[in-house]
file model_6.cif (mmCIF, C-alpha atoms)
data_entry
loop_
_atom_site.label_atom_id
_atom_site.label_comp_id
_atom_site.auth_asym_id
_atom_site.auth_seq_id
_atom_site.Cartn_x
_atom_site.Cartn_y
_atom_site.Cartn_z
CA MET Z 1 0.00 0.00 0.00
CA THR Z 2 1.35 3.43 -0.86
CA ASN Z 3 1.57 6.43 1.43
CA GLY Z 4 -1.27 8.00 -0.50
CA ASP Z 5 -3.50 5.04 0.26
CA ILE Z 6 -2.61 5.26 3.92
CA LYS Z 7 -3.45 8.93 4.18
CA SER Z 8 -6.79 8.48 2.49
CA GLY Z 9 -7.89 6.04 5.18
CA GLY Z 10 -9.59 3.97 2.49
CA ARG Z 11 -9.97 0.20 2.59
CA SER Z 12 -7.63 -2.03 0.66
CA ASN Z 13 -8.51 -5.17 -1.30
CA ARG Z 14 -6.19 -6.85 1.19
CA ASP Z 15 -8.91 -6.38 3.83
CA ASN Z 16 -10.91 -9.22 2.33
CA GLN Z 17 -8.00 -11.67 2.66
CA PHE Z 18 -8.33 -11.82 6.42
CA ARG Z 19 -10.89 -13.88 8.26
CA PRO Z 20 -11.32 -12.24 11.68
CA SER Z 21 -10.32 -14.43 14.60
CA LYS Z 22 -13.00 -14.93 17.26
CA ALA Z 23 -10.33 -16.16 19.67
CA MET Z 24 -8.53 -12.81 19.35
CA GLY Z 25 -11.75 -10.80 19.56
CA GLN Z 26 -11.25 -9.28 16.11
CA ASN Z 27 -13.93 -7.00 14.65
CA PHE Z 28 -12.62 -4.73 11.91
CA LEU Z 29 -13.91 -1.19 11.41
CA ILE Z 30 -15.27 -0.69 7.89
CA ASP Z 31 -16.59 2.87 8.30
CA PRO Z 32 -13.68 5.14 7.26
CA ASN Z 33 -15.08 8.11 9.20
CA ILE Z 34 -14.84 6.49 12.64
CA PRO Z 35 -11.01 6.26 12.96
CA GLN Z 36 -10.65 9.89 11.97
CA LYS Z 37 -13.26 10.90 14.57
CA ILE Z 38 -11.52 8.86 17.28
CA VAL Z 39 -8.18 10.57 16.65
CA ARG Z 40 -9.78 14.01 16.51
CA CYS Z 41 -11.61 13.49 19.82
CA SER Z 42 -8.49 12.09 21.50
CA GLY Z 43 -6.73 15.46 21.25
CA ILE Z 44 -3.53 13.86 19.95
CA ASP Z 45 -1.09 16.07 18.03
CA LYS Z 46 2.55 16.06 16.87
CA SER Z 47 3.80 16.59 20.42
CA CYS Z 48 2.39 13.19 21.37
CA GLY Z 49 3.70 9.67 21.11
CA VAL Z 50 0.90 7.11 20.82
CA LEU Z 51 0.63 3.45 21.73
CA GLU Z 52 -1.94 1.45 19.75
CA ALA Z 53 -2.97 -2.06 20.79
CA GLY Z 54 -4.41 -4.35 18.12
CA PRO Z 55 -4.11 -2.16 14.98
CA GLY Z 56 -5.88 -4.81 12.89
CA LEU Z 57 -6.10 -3.62 9.29
CA GLY Z 58 -4.46 -0.29 10.10
CA ALA Z 59 -7.47 2.02 9.71
CA LEU Z 60 -6.83 3.84 12.97
CA THR Z 61 -3.04 3.54 12.62
CA ALA Z 62 -3.10 5.56 9.41
CA HIS Z 63 -4.82 8.53 11.04
CA LEU Z 64 -2.60 8.29 14.12
CA ALA Z 65 0.48 8.38 11.86
CA GLU Z 66 -0.77 11.64 10.35
CA SER Z 67 -1.61 13.31 13.67
CA ALA Z 68 0.97 12.07 16.19
CA GLY Z 69 4.71 12.43 16.44
CA HIS Z 70 5.30 8.67 16.66
CA VAL Z 71 3.08 5.60 16.81
CA ALA Z 72 3.95 2.22 18.33
CA ALA Z 73 1.40 -0.37 17.22
CA VAL Z 74 1.40 -3.84 18.84
CA GLU Z 75 -0.23 -6.67 16.85
CA LEU Z 76 -0.47 -10.30 17.97
CA ASP Z 77 -1.80 -11.77 14.70
CA ALA Z 78 1.20 -12.70 12.52
CA ARG Z 79 -0.84 -12.35 9.31
CA LEU Z 80 -1.87 -8.81 10.14
CA TYR Z 81 1.60 -7.89 11.38
CA CYS Z 82 3.11 -8.83 8.01
CA ALA Z 83 0.48 -6.87 6.10
CA LEU Z 84 0.88 -3.84 8.35
CA SER Z 85 4.66 -3.95 7.96
CA GLU Z 86 4.18 -3.62 4.20
CA MET Z 87 1.48 -0.95 4.50
CA PHE Z 88 3.53 1.32 6.76
CA SER Z 89 7.01 0.57 5.39
CA LYS Z 90 7.30 4.17 4.16
CA CYS Z 91 6.05 5.75 7.39
CA PRO Z 92 9.16 6.46 9.50
CA ASN Z 93 7.11 7.54 12.51
CA VAL Z 94 5.30 4.17 12.81
CA VAL Z 95 6.91 1.30 14.74
CA LEU Z 96 5.18 -2.08 14.47
CA VAL Z 97 5.67 -4.70 17.17
CA HIS Z 98 4.68 -8.35 16.81
CA GLY Z 99 3.68 -9.54 20.25
CA ASP Z 100 1.12 -9.86 23.03
CA ILE Z 101 0.31 -6.43 24.46
CA LEU Z 102 -0.58 -8.03 27.81
CA LYS Z 103 2.95 -9.43 28.13
CA ILE Z 104 4.97 -6.53 26.75
CA ASP Z 105 6.98 -4.24 29.04
CA LEU Z 106 5.18 -0.95 28.37
CA GLN Z 107 7.81 1.22 30.01
CA LYS Z 108 10.56 -0.25 27.84
CA LEU Z 109 8.47 -0.03 24.66
CA VAL Z 110 7.53 3.59 25.28
CA GLU Z 111 11.13 4.60 26.02
CA GLN Z 112 12.38 2.95 22.81
CA ALA Z 113 9.60 3.88 20.37
CA LEU Z 114 7.96 7.07 21.63
CA PRO Z 115 10.50 9.87 22.17
CA GLU Z 116 7.82 12.51 22.72
CA PRO Z 117 7.38 13.74 26.32
CA ARG Z 118 3.61 13.31 26.09
CA ARG Z 119 2.50 9.68 25.76
CA HIS Z 120 -1.04 8.49 25.04
CA VAL Z 121 -2.94 5.33 24.24
CA CYS Z 122 -5.39 5.30 21.35
CA ALA Z 123 -6.83 1.99 20.20
CA ASN Z 124 -9.78 -0.13 19.20
CA LEU Z 125 -9.38 -2.73 21.93
CA PRO Z 126 -10.06 -6.42 21.31
CA TYR Z 127 -13.28 -7.12 23.21
CA ASN Z 128 -11.92 -10.22 24.97
CA ILE Z 129 -9.08 -8.41 26.78
CA THR Z 130 -10.58 -4.97 27.37
CA THR Z 131 -10.56 -4.96 31.18
CA PRO Z 132 -7.03 -6.36 31.70
CA LEU Z 133 -5.65 -4.01 29.04
CA ILE Z 134 -7.17 -0.87 30.56
CA THR Z 135 -5.93 -2.05 33.94
CA LYS Z 136 -2.40 -2.47 32.57
CA PHE Z 137 -2.41 0.94 30.86
CA LEU Z 138 -3.53 2.73 34.02
CA LYS Z 139 -1.14 0.86 36.31
CA ALA Z 140 1.77 1.72 34.02
CA ASP Z 141 1.37 5.37 35.05
CA ILE Z 142 3.11 6.64 31.89
CA PHE Z 143 0.20 7.89 29.73
CA GLU Z 144 -1.53 11.28 29.76
CA SER Z 145 -4.70 9.81 28.38
CA ILE Z 146 -6.21 6.56 27.17
CA THR Z 147 -8.76 6.81 24.37
CA VAL Z 148 -10.21 3.43 23.48
CA MET Z 149 -13.15 1.81 21.77
CA VAL Z 150 -14.88 -0.75 23.98
CA GLN Z 151 -18.23 -2.47 24.32
CA LYS Z 152 -20.85 0.02 25.50
CA GLU Z 153 -21.57 -1.98 28.65
CA VAL Z 154 -17.89 -1.64 29.62
CA ALA Z 155 -18.03 2.11 28.95
CA LEU Z 156 -21.08 2.41 31.19
CA ARG Z 157 -19.27 0.52 33.95
CA ILE Z 158 -16.24 2.77 33.64
CA CYS Z 159 -18.31 5.96 33.90
CA ALA Z 160 -20.95 4.71 36.35
CA LYS Z 161 -22.01 6.71 39.39
CA PRO Z 162 -22.31 5.36 42.96
CA GLY Z 163 -25.66 3.73 43.67
CA THR Z 164 -26.16 2.39 40.13
CA SER Z 165 -26.10 -1.25 39.05
CA GLU Z 166 -23.12 -0.63 36.71
CA TYR Z 167 -20.98 0.80 39.54
CA GLY Z 168 -18.39 -1.70 40.74
CA ALA Z 169 -14.78 -2.36 41.70
CA PHE Z 170 -13.57 -1.69 38.15
CA THR Z 171 -15.38 1.66 38.16
CA VAL Z 172 -13.60 2.65 41.34
CA PHE Z 173 -10.25 1.47 39.97
CA VAL Z 174 -10.54 3.51 36.76
CA ASN Z 175 -11.84 6.64 38.49
CA TYR Z 176 -9.09 6.44 41.11
CA HIS Z 177 -6.50 6.66 38.33
CA ALA Z 178 -8.28 8.84 35.77
CA HIS Z 179 -11.17 11.09 34.79
CA PRO Z 180 -13.24 9.04 32.29
CA GLU Z 181 -15.80 10.33 29.82
CA ILE Z 182 -17.88 8.70 27.10
CA LEU Z 183 -17.23 10.39 23.75
CA PHE Z 184 -19.60 8.68 21.30
CA ASP Z 185 -21.30 5.40 20.37
CA ILE Z 186 -20.46 3.27 17.33
CA SER Z 187 -23.11 1.18 15.61
CA PRO Z 188 -22.54 -2.56 15.00
CA ASP Z 189 -23.02 -1.79 11.28
CA CYS Z 190 -19.61 -0.08 11.27
CA PHE Z 191 -17.81 -3.41 11.74
CA LYS Z 192 -17.00 -6.61 9.92
CA PRO Z 193 -18.02 -9.07 11.23
CA ARG Z 194 -20.99 -7.27 12.73
CA PRO Z 195 -20.88 -7.58 16.54
CA LYS Z 196 -24.02 -8.17 18.56
CA VAL Z 197 -23.35 -5.17 20.78
CA THR Z 198 -22.96 -1.42 20.40
CA SER Z 199 -19.45 -0.08 20.86
CA CYS Z 200 -18.40 3.13 22.53
CA VAL Z 201 -15.32 5.36 22.58
CA VAL Z 202 -14.14 6.35 26.06
CA LYS Z 203 -11.40 8.81 26.98
CA MET Z 204 -9.65 8.45 30.34
CA THR Z 205 -7.50 11.45 31.25
CA THR Z 206 -5.10 10.21 33.90
CA ARG Z 207 -4.72 12.03 37.20
CA PRO Z 208 -1.34 13.85 37.47
CA GLU Z 209 -0.85 12.83 41.10
CA ARG Z 210 -1.62 9.66 43.03
CA ARG Z 211 -4.02 10.06 45.94
CA LEU Z 212 -2.35 7.53 48.23
CA CYS Z 213 1.11 6.09 48.90
CA ASP Z 214 1.84 2.47 47.97
CA ASP Z 215 0.81 0.83 51.25
CA ASP Z 216 -2.33 2.92 51.66
CA GLU Z 217 -3.24 2.26 48.02
CA LYS Z 218 -2.98 -1.50 48.53
CA ARG Z 219 -5.27 -1.30 51.57
CA PHE Z 220 -7.69 0.90 49.66
CA PHE Z 221 -8.07 -1.55 46.75
CA ARG Z 222 -8.28 -4.51 49.12
CA THR Z 223 -11.19 -2.76 50.83
CA VAL Z 224 -12.87 -2.01 47.49
CA ARG Z 225 -12.54 -5.60 46.25
CA ALA Z 226 -14.01 -6.90 49.51
CA ALA Z 227 -16.92 -4.45 49.39
CA PHE Z 228 -17.92 -5.62 45.91
CA GLY Z 229 -17.00 -9.27 46.42
CA GLN Z 230 -20.54 -10.04 47.55
CA ARG Z 231 -22.42 -6.92 46.49
CA ARG Z 232 -25.86 -8.19 47.53
CA LYS Z 233 -24.72 -8.17 51.15
CA THR Z 234 -24.52 -5.11 53.34
CA LEU Z 235 -21.14 -3.38 53.43
CA VAL Z 236 -20.38 -4.76 56.88
CA ASN Z 237 -21.11 -8.36 55.87
CA ALA Z 238 -19.29 -8.06 52.54
CA LEU Z 239 -16.20 -6.58 54.20
CA HIS Z 240 -16.23 -9.22 56.92
CA ALA Z 241 -16.42 -11.94 54.25
CA GLY Z 242 -13.54 -10.40 52.32
CA LEU Z 243 -11.37 -9.24 55.22
CA GLY Z 244 -12.31 -11.80 57.84
CA SER Z 245 -8.78 -13.12 58.17
CA THR Z 246 -7.55 -9.76 59.48
CA HIS Z 247 -10.69 -7.97 60.72
CA SER Z 248 -13.47 -9.18 63.00
CA LYS Z 249 -17.06 -8.29 62.17
CA GLU Z 250 -17.07 -6.00 65.19
CA ASP Z 251 -14.00 -4.16 63.88
CA VAL Z 252 -15.64 -3.73 60.49
CA ALA Z 253 -18.90 -2.50 62.00
CA LYS Z 254 -17.04 0.06 64.11
CA ALA Z 255 -15.14 1.36 61.08
CA VAL Z 256 -18.34 1.71 59.05
CA GLN Z 257 -20.05 3.50 61.95
CA ALA Z 258 -17.04 5.80 62.47
CA CYS Z 259 -17.41 6.94 58.85
CA GLY Z 260 -21.01 7.92 59.56
CA PHE Z 261 -22.48 5.32 57.23
CA ASP Z 262 -25.82 3.61 57.82
CA ALA Z 263 -25.45 0.07 59.19
CA ASN Z 264 -27.27 -1.35 56.15
CA ILE Z 265 -25.37 0.56 53.47
CA ARG Z 266 -23.94 -1.42 50.55
CA GLY Z 267 -20.57 -0.99 48.90
CA GLU Z 268 -22.06 0.25 45.63
CA GLU Z 269 -23.27 3.40 47.39
CA LEU Z 270 -19.80 4.65 48.39
CA SER Z 271 -17.78 7.22 46.44
CA ILE Z 272 -14.01 6.96 46.03
CA SER Z 273 -13.37 9.47 48.82
CA GLU Z 274 -15.65 7.47 51.12
CA PHE Z 275 -13.81 4.27 50.26
CA ILE Z 276 -10.53 6.02 51.08
CA GLU Z 277 -11.86 7.12 54.47
CA LEU Z 278 -13.18 3.61 55.16
CA SER Z 279 -9.87 1.95 54.27
CA GLU Z 280 -8.08 4.34 56.61
CA ARG Z 281 -10.52 3.52 59.43
CA LEU Z 282 -9.96 -0.17 58.89
#

call {"tool": "encode", "arguments": {"input": "model_6.cif", "output": "structure tokens"}}
result
Amino acid sequence: MTNGDIKSGGRSNRDNQFRPSKAMGQNFLIDPNIPQKIVRCSGIDKSCGVLEAGPGLGALTAHLAESAGHVAAVELDARLYCALSEMFSKCPNVVLVHGDILKIDLQKLVEQALPEPRRHVCANLPYNITTPLITKFLKADIFESITVMVQKEVALRICAKPGTSEYGAFTVFVNYHAHPEILFDISPDCFKPRPKVTSCVVKMTTRPERRLCDDDEKRFFRTVRAAFGQRRKTLVNALHAGLGSTHSKEDVAKAVQACGFDANIRGEELSISEFIELSERL
């Protein structure tokens, strides 16, 4: 594929040579307007280095190459990696990596491939590894923002408010590390094969400073996981079930009371700041 083809964002006849892998969660975008919109909404410019996970047929990669300083795209599928290597052979600011994004050392990759001081993630994530990938990106603590396409139900979980059914431990984790916002929905008709669910683009702008030190952070997330471990139970019972090896039910009840919470409150009703206070009481 020539540079002109890449810049146009058009589809190549090569697209039809690939049968998407269900095991890898592959659904290829066929609407040429969506990748351009994703990059525009991400706020990425030439001062940014961008990590892309699962570039697929390169539709988003092409627009990232135009907008960003450098792009590092990690592809697990050997067939696609070979095709992408040919497609972007004349794009000096695109580095392609054949490997499993879940196993790659992100710090090392970013240092070697993205010289820009501002680093971002922009990707159409494989549906089957969405949660562990977002978790890895946020824990890396090296990206200014993470703009990704995910299933809409995942987007709703990420941006859920306390007291709603979508609010859970993953919501708290993401919001502890970043400020998430839903940008726009994407219809199933924009993909091949057509998925059964609506997709959504979410942008997570990472927080510049951590709220807690390492030890306090570990206690905080242990408390959160326990609170949602059995979410139908009251907060006291859920925490006792999850922390019983180190905290008696009486200790838990006293901590909940000291925070001023109702005895029958459930974990899904607590905000991040309330979880922080609770973990400190415990």

call {"tool": "atom_distance", "arguments": {"input": "model_6.cif", "atom1": "CA of Cys41 in chain Z", "atom2": "CA of Asp185 in chain Z"}}
result
12.6 Å

call {"tool": "resolve_selection", "arguments": {"input": "model_6.cif", "expression": "the PyMOL selection byres ((chain Z and resi 113) around 12)", "output": "JSON, numbers by chain"}}
result
{"Z": [48, 49, 50, 51, 52, 69, 70, 71, 72, 73, 74, 92, 93, 94, 95, 96, 97, 106, 107, 108, 109, 110, 111, 112, 114, 115, 116, 117, 119]}

call {"tool": "closest_atom_pairs", "arguments": {"input": "model_6.cif", "of": "range 189-257 of chain Z", "to": "range 262-265 of chain Z", "cutoff": "9 Å", "atoms": "all atoms listed in the file", "output": "JSON lines"}}
result
{"residue": "Z:Lys233", "atom": "CA", "partner": "Z:Asn264", "partner_atom": "CA", "distance": 8.8}
{"residue": "Z:Thr234", "atom": "CA", "partner": "Z:Asn264", "partner_atom": "CA", "distance": 5.4}
{"residue": "Z:Leu235", "atom": "CA", "partner": "Z:Ile265", "partner_atom": "CA", "distance": 5.8}
{"residue": "Z:Val236", "atom": "CA", "partner": "Z:Ala263", "partner_atom": "CA", "distance": 7.4}
{"residue": "Z:Ala253", "atom": "CA", "partner": "Z:Ala263", "partner_atom": "CA", "distance": 7.6}
{"residue": "Z:Val256", "atom": "CA", "partner": "Z:Ala263", "partner_atom": "CA", "distance": 7.3}
{"residue": "Z:Gln257", "atom": "CA", "partner": "Z:Ala263", "partner_atom": "CA", "distance": 7.0}

call {"tool": "closest_atom_pairs", "arguments": {"input": "model_6.cif", "of": "range 35-68 of chain Z", "to": "range 124-134 of chain Z", "cutoff": "12 Å", "atoms": "all atoms listed in the file", "output": "Markdown table"}}
result
| residue | atom | partner | partner_atom | distance |
| --- | --- | --- | --- | --- |
| Z:Pro35 | CA | Z:Asn124 | CA | 9.0 |
| Z:Ile38 | CA | Z:Asn124 | CA | 9.4 |
| Z:Val39 | CA | Z:Asn124 | CA | 11.1 |
| Z:Leu51 | CA | Z:Asn124 | CA | 11.3 |
| Z:Glu52 | CA | Z:Asn124 | CA | 8.0 |
| Z:Ala53 | CA | Z:Leu125 | CA | 6.5 |
| Z:Gly54 | CA | Z:Leu125 | CA | 6.5 |
| Z:Pro55 | CA | Z:Asn124 | CA | 7.4 |
| Z:Gly56 | CA | Z:Asn124 | CA | 8.8 |
| Z:Leu57 | CA | Z:Asn124 | CA | 11.1 |
| Z:Gly58 | CA | Z:Asn124 | CA | 10.5 |
| Z:Ala59 | CA | Z:Asn124 | CA | 10.0 |
| Z:Leu60 | CA | Z:Asn124 | CA | 8.0 |
| Z:Thr61 | CA | Z:Asn124 | CA | 10.1 |

call {"tool": "atom_distance", "arguments": {"input": "model_6.cif", "atom1": "CA of Gly163 in chain Z", "atom2": "CA of Ser245 in chain Z"}}
result
27.9 Å

call {"tool": "atom_distance", "arguments": {"input": "model_6.cif", "atom1": "CA of Lys196 in chain Z", "atom2": "CA of Glu153 in chain Z"}}
result
12.1 Å

call {"tool": "closest_residue", "arguments": {"input": "model_6.cif", "among": "Z:His177, Z:His247, Z:Arg118, Z:Arg231", "to": "Asp45 in chain Z", "atoms": "all atoms listed in the file"}}
result
Z:Arg118

call {"tool": "resolve_selection", "arguments": {"input": "model_6.cif", "expression": "the PyMOL selection byres ((chain Z and resi 199) around 8)", "output": "MDAnalysis selection string"}}
result
chainID Z and resid 149:152 185:188 197:198 200:201

call {"tool": "decode", "arguments": {"input": "model_6.cif", "residues": "range 237-271 of chain Z", "atoms": "N, CA and C atoms", "output": "tab-separated table (two decimals), in the first residue's frame"}}
result
chain	number	residue	atom	x	y	z
Z	237	ASN	N	-21.21	-6.92	56.13
Z	237	ASN	CA	-21.11	-8.36	55.87
Z	237	ASN	C	-20.15	-8.66	54.72
Z	238	ALA	N	-20.18	-7.85	53.68
Z	238	ALA	CA	-19.29	-8.06	52.54
Z	238	ALA	C	-17.83	-7.87	52.96
Z	239	LEU	N	-17.57	-6.82	53.75
Z	239	LEU	CA	-16.20	-6.58	54.20
Z	239	LEU	C	-15.71	-7.68	55.14
Z	240	HIS	N	-16.61	-8.14	56.00
Z	240	HIS	CA	-16.23	-9.22	56.92
Z	240	HIS	C	-15.90	-10.49	56.14
Z	241	ALA	N	-16.68	-10.76	55.08
Z	241	ALA	CA	-16.42	-11.94	54.25
Z	241	ALA	C	-15.09	-11.81	53.52
Z	242	GLY	N	-14.76	-10.60	53.08
Z	242	GLY	CA	-13.54	-10.40	52.32
Z	242	GLY	C	-12.30	-10.13	53.15
Z	243	LEU	N	-12.50	-9.61	54.36
Z	243	LEU	CA	-11.37	-9.24	55.22
Z	243	LEU	C	-11.34	-10.01	56.52
Z	244	GLY	N	-12.14	-11.06	56.59
Z	244	GLY	CA	-12.31	-11.80	57.84
Z	244	GLY	C	-11.04	-12.33	58.45
Z	245	SER	N	-10.03	-12.58	57.64
Z	245	SER	CA	-8.78	-13.12	58.17
Z	245	SER	C	-8.00	-12.09	58.98
Z	246	THR	N	-8.28	-10.82	58.77
Z	246	THR	CA	-7.55	-9.76	59.48
Z	246	THR	C	-8.44	-8.83	60.29
Z	247	HIS	N	-9.77	-8.87	60.03
Z	247	HIS	CA	-10.69	-7.97	60.72
Z	247	HIS	C	-11.91	-8.74	61.20
Z	248	SER	N	-12.25	-8.56	62.47
Z	248	SER	CA	-13.47	-9.18	63.00
Z	248	SER	C	-14.68	-8.39	62.50
Z	249	LYS	N	-15.84	-8.98	62.61
Z	249	LYS	CA	-17.06	-8.29	62.17
Z	249	LYS	C	-17.29	-7.05	63.03
Z	250	GLU	N	-16.92	-7.15	64.29
Z	250	GLU	CA	-17.07	-6.00	65.19
Z	250	GLU	C	-16.17	-4.86	64.75
Z	251	ASP	N	-14.93	-5.18	64.36
Z	251	ASP	CA	-14.00	-4.16	63.88
Z	251	ASP	C	-14.54	-3.46	62.63
Z	252	VAL	N	-15.09	-4.28	61.72
Z	252	VAL	CA	-15.64	-3.73	60.49
Z	252	VAL	C	-16.82	-2.83	60.78
Z	253	ALA	N	-17.71	-3.28	61.65
Z	253	ALA	CA	-18.90	-2.50	62.00
Z	253	ALA	C	-18.51	-1.16	62.64
Z	254	LYS	N	-17.49	-1.18	63.47
Z	254	LYS	CA	-17.04	0.06	64.11
Z	254	LYS	C	-16.47	1.04	63.09
Z	255	ALA	N	-15.73	0.50	62.11
Z	255	ALA	CA	-15.14	1.36	61.08
Z	255	ALA	C	-16.23	1.99	60.21
Z	256	VAL	N	-17.22	1.20	59.86
Z	256	VAL	CA	-18.34	1.71	59.05
Z	256	VAL	C	-19.10	2.78	59.82
Z	257	GLN	N	-19.33	2.54	61.10
Z	257	GLN	CA	-20.05	3.50	61.95
Z	257	GLN	C	-19.24	4.78	62.12
Z	258	ALA	N	-17.91	4.63	62.28
Z	258	ALA	CA	-17.04	5.80	62.47
Z	258	ALA	C	-17.05	6.72	61.25
Z	259	CYS	N	-17.32	6.14	60.08
Z	259	CYS	CA	-17.41	6.94	58.85
Z	259	CYS	C	-18.75	7.64	58.72
Z	260	GLY	N	-19.69	7.31	59.61
Z	260	GLY	CA	-21.01	7.92	59.56
Z	260	GLY	C	-21.96	7.26	58.59
Z	261	PHE	N	-21.63	6.02	58.18
Z	261	PHE	CA	-22.48	5.32	57.23
Z	261	PHE	C	-23.59	4.57	57.96
Z	262	ASP	N	-24.72	4.42	57.29
Z	262	ASP	CA	-25.82	3.61	57.82
Z	262	ASP	C	-25.37	2.16	57.94
Z	263	ALA	N	-25.86	1.46	58.94
Z	263	ALA	CA	-25.45	0.07	59.19
Z	263	ALA	C	-25.80	-0.85	58.03
Z	264	ASN	N	-26.82	-0.49	57.25
Z	264	ASN	CA	-27.27	-1.35	56.15
Z	264	ASN	C	-26.78	-0.88	54.78
Z	265	ILE	N	-25.87	0.06	54.76
Z	265	ILE	CA	-25.37	0.56	53.47
Z	265	ILE	C	-24.63	-0.54	52.72
Z	266	ARG	N	-24.66	-0.45	51.38
Z	266	ARG	CA	-23.94	-1.42	50.55
Z	266	ARG	C	-22.75	-0.72	49.88
Z	267	GLY	N	-21.78	-1.53	49.49
Z	267	GLY	CA	-20.57	-0.99	48.90
Z	267	GLY	C	-20.81	-0.13	47.67
Z	268	GLU	N	-21.80	-0.47	46.88
Z	268	GLU	CA	-22.06	0.25	45.63
Z	268	GLU	C	-22.53	1.67	45.85
Z	269	GLU	N	-22.80	2.05	47.10
Z	269	GLU	CA	-23.27	3.40	47.39
Z	269	GLU	C	-22.13	4.35	47.77
Z	270	LEU	N	-20.91	3.82	47.93
Z	270	LEU	CA	-19.80	4.65	48.39
Z	270	LEU	C	-19.02	5.27	47.23
Z	271	SER	N	-18.65	6.53	47.40
Z	271	SER	CA	-17.78	7.22	46.44
Z	271	SER	C	-16.33	6.84	46.71
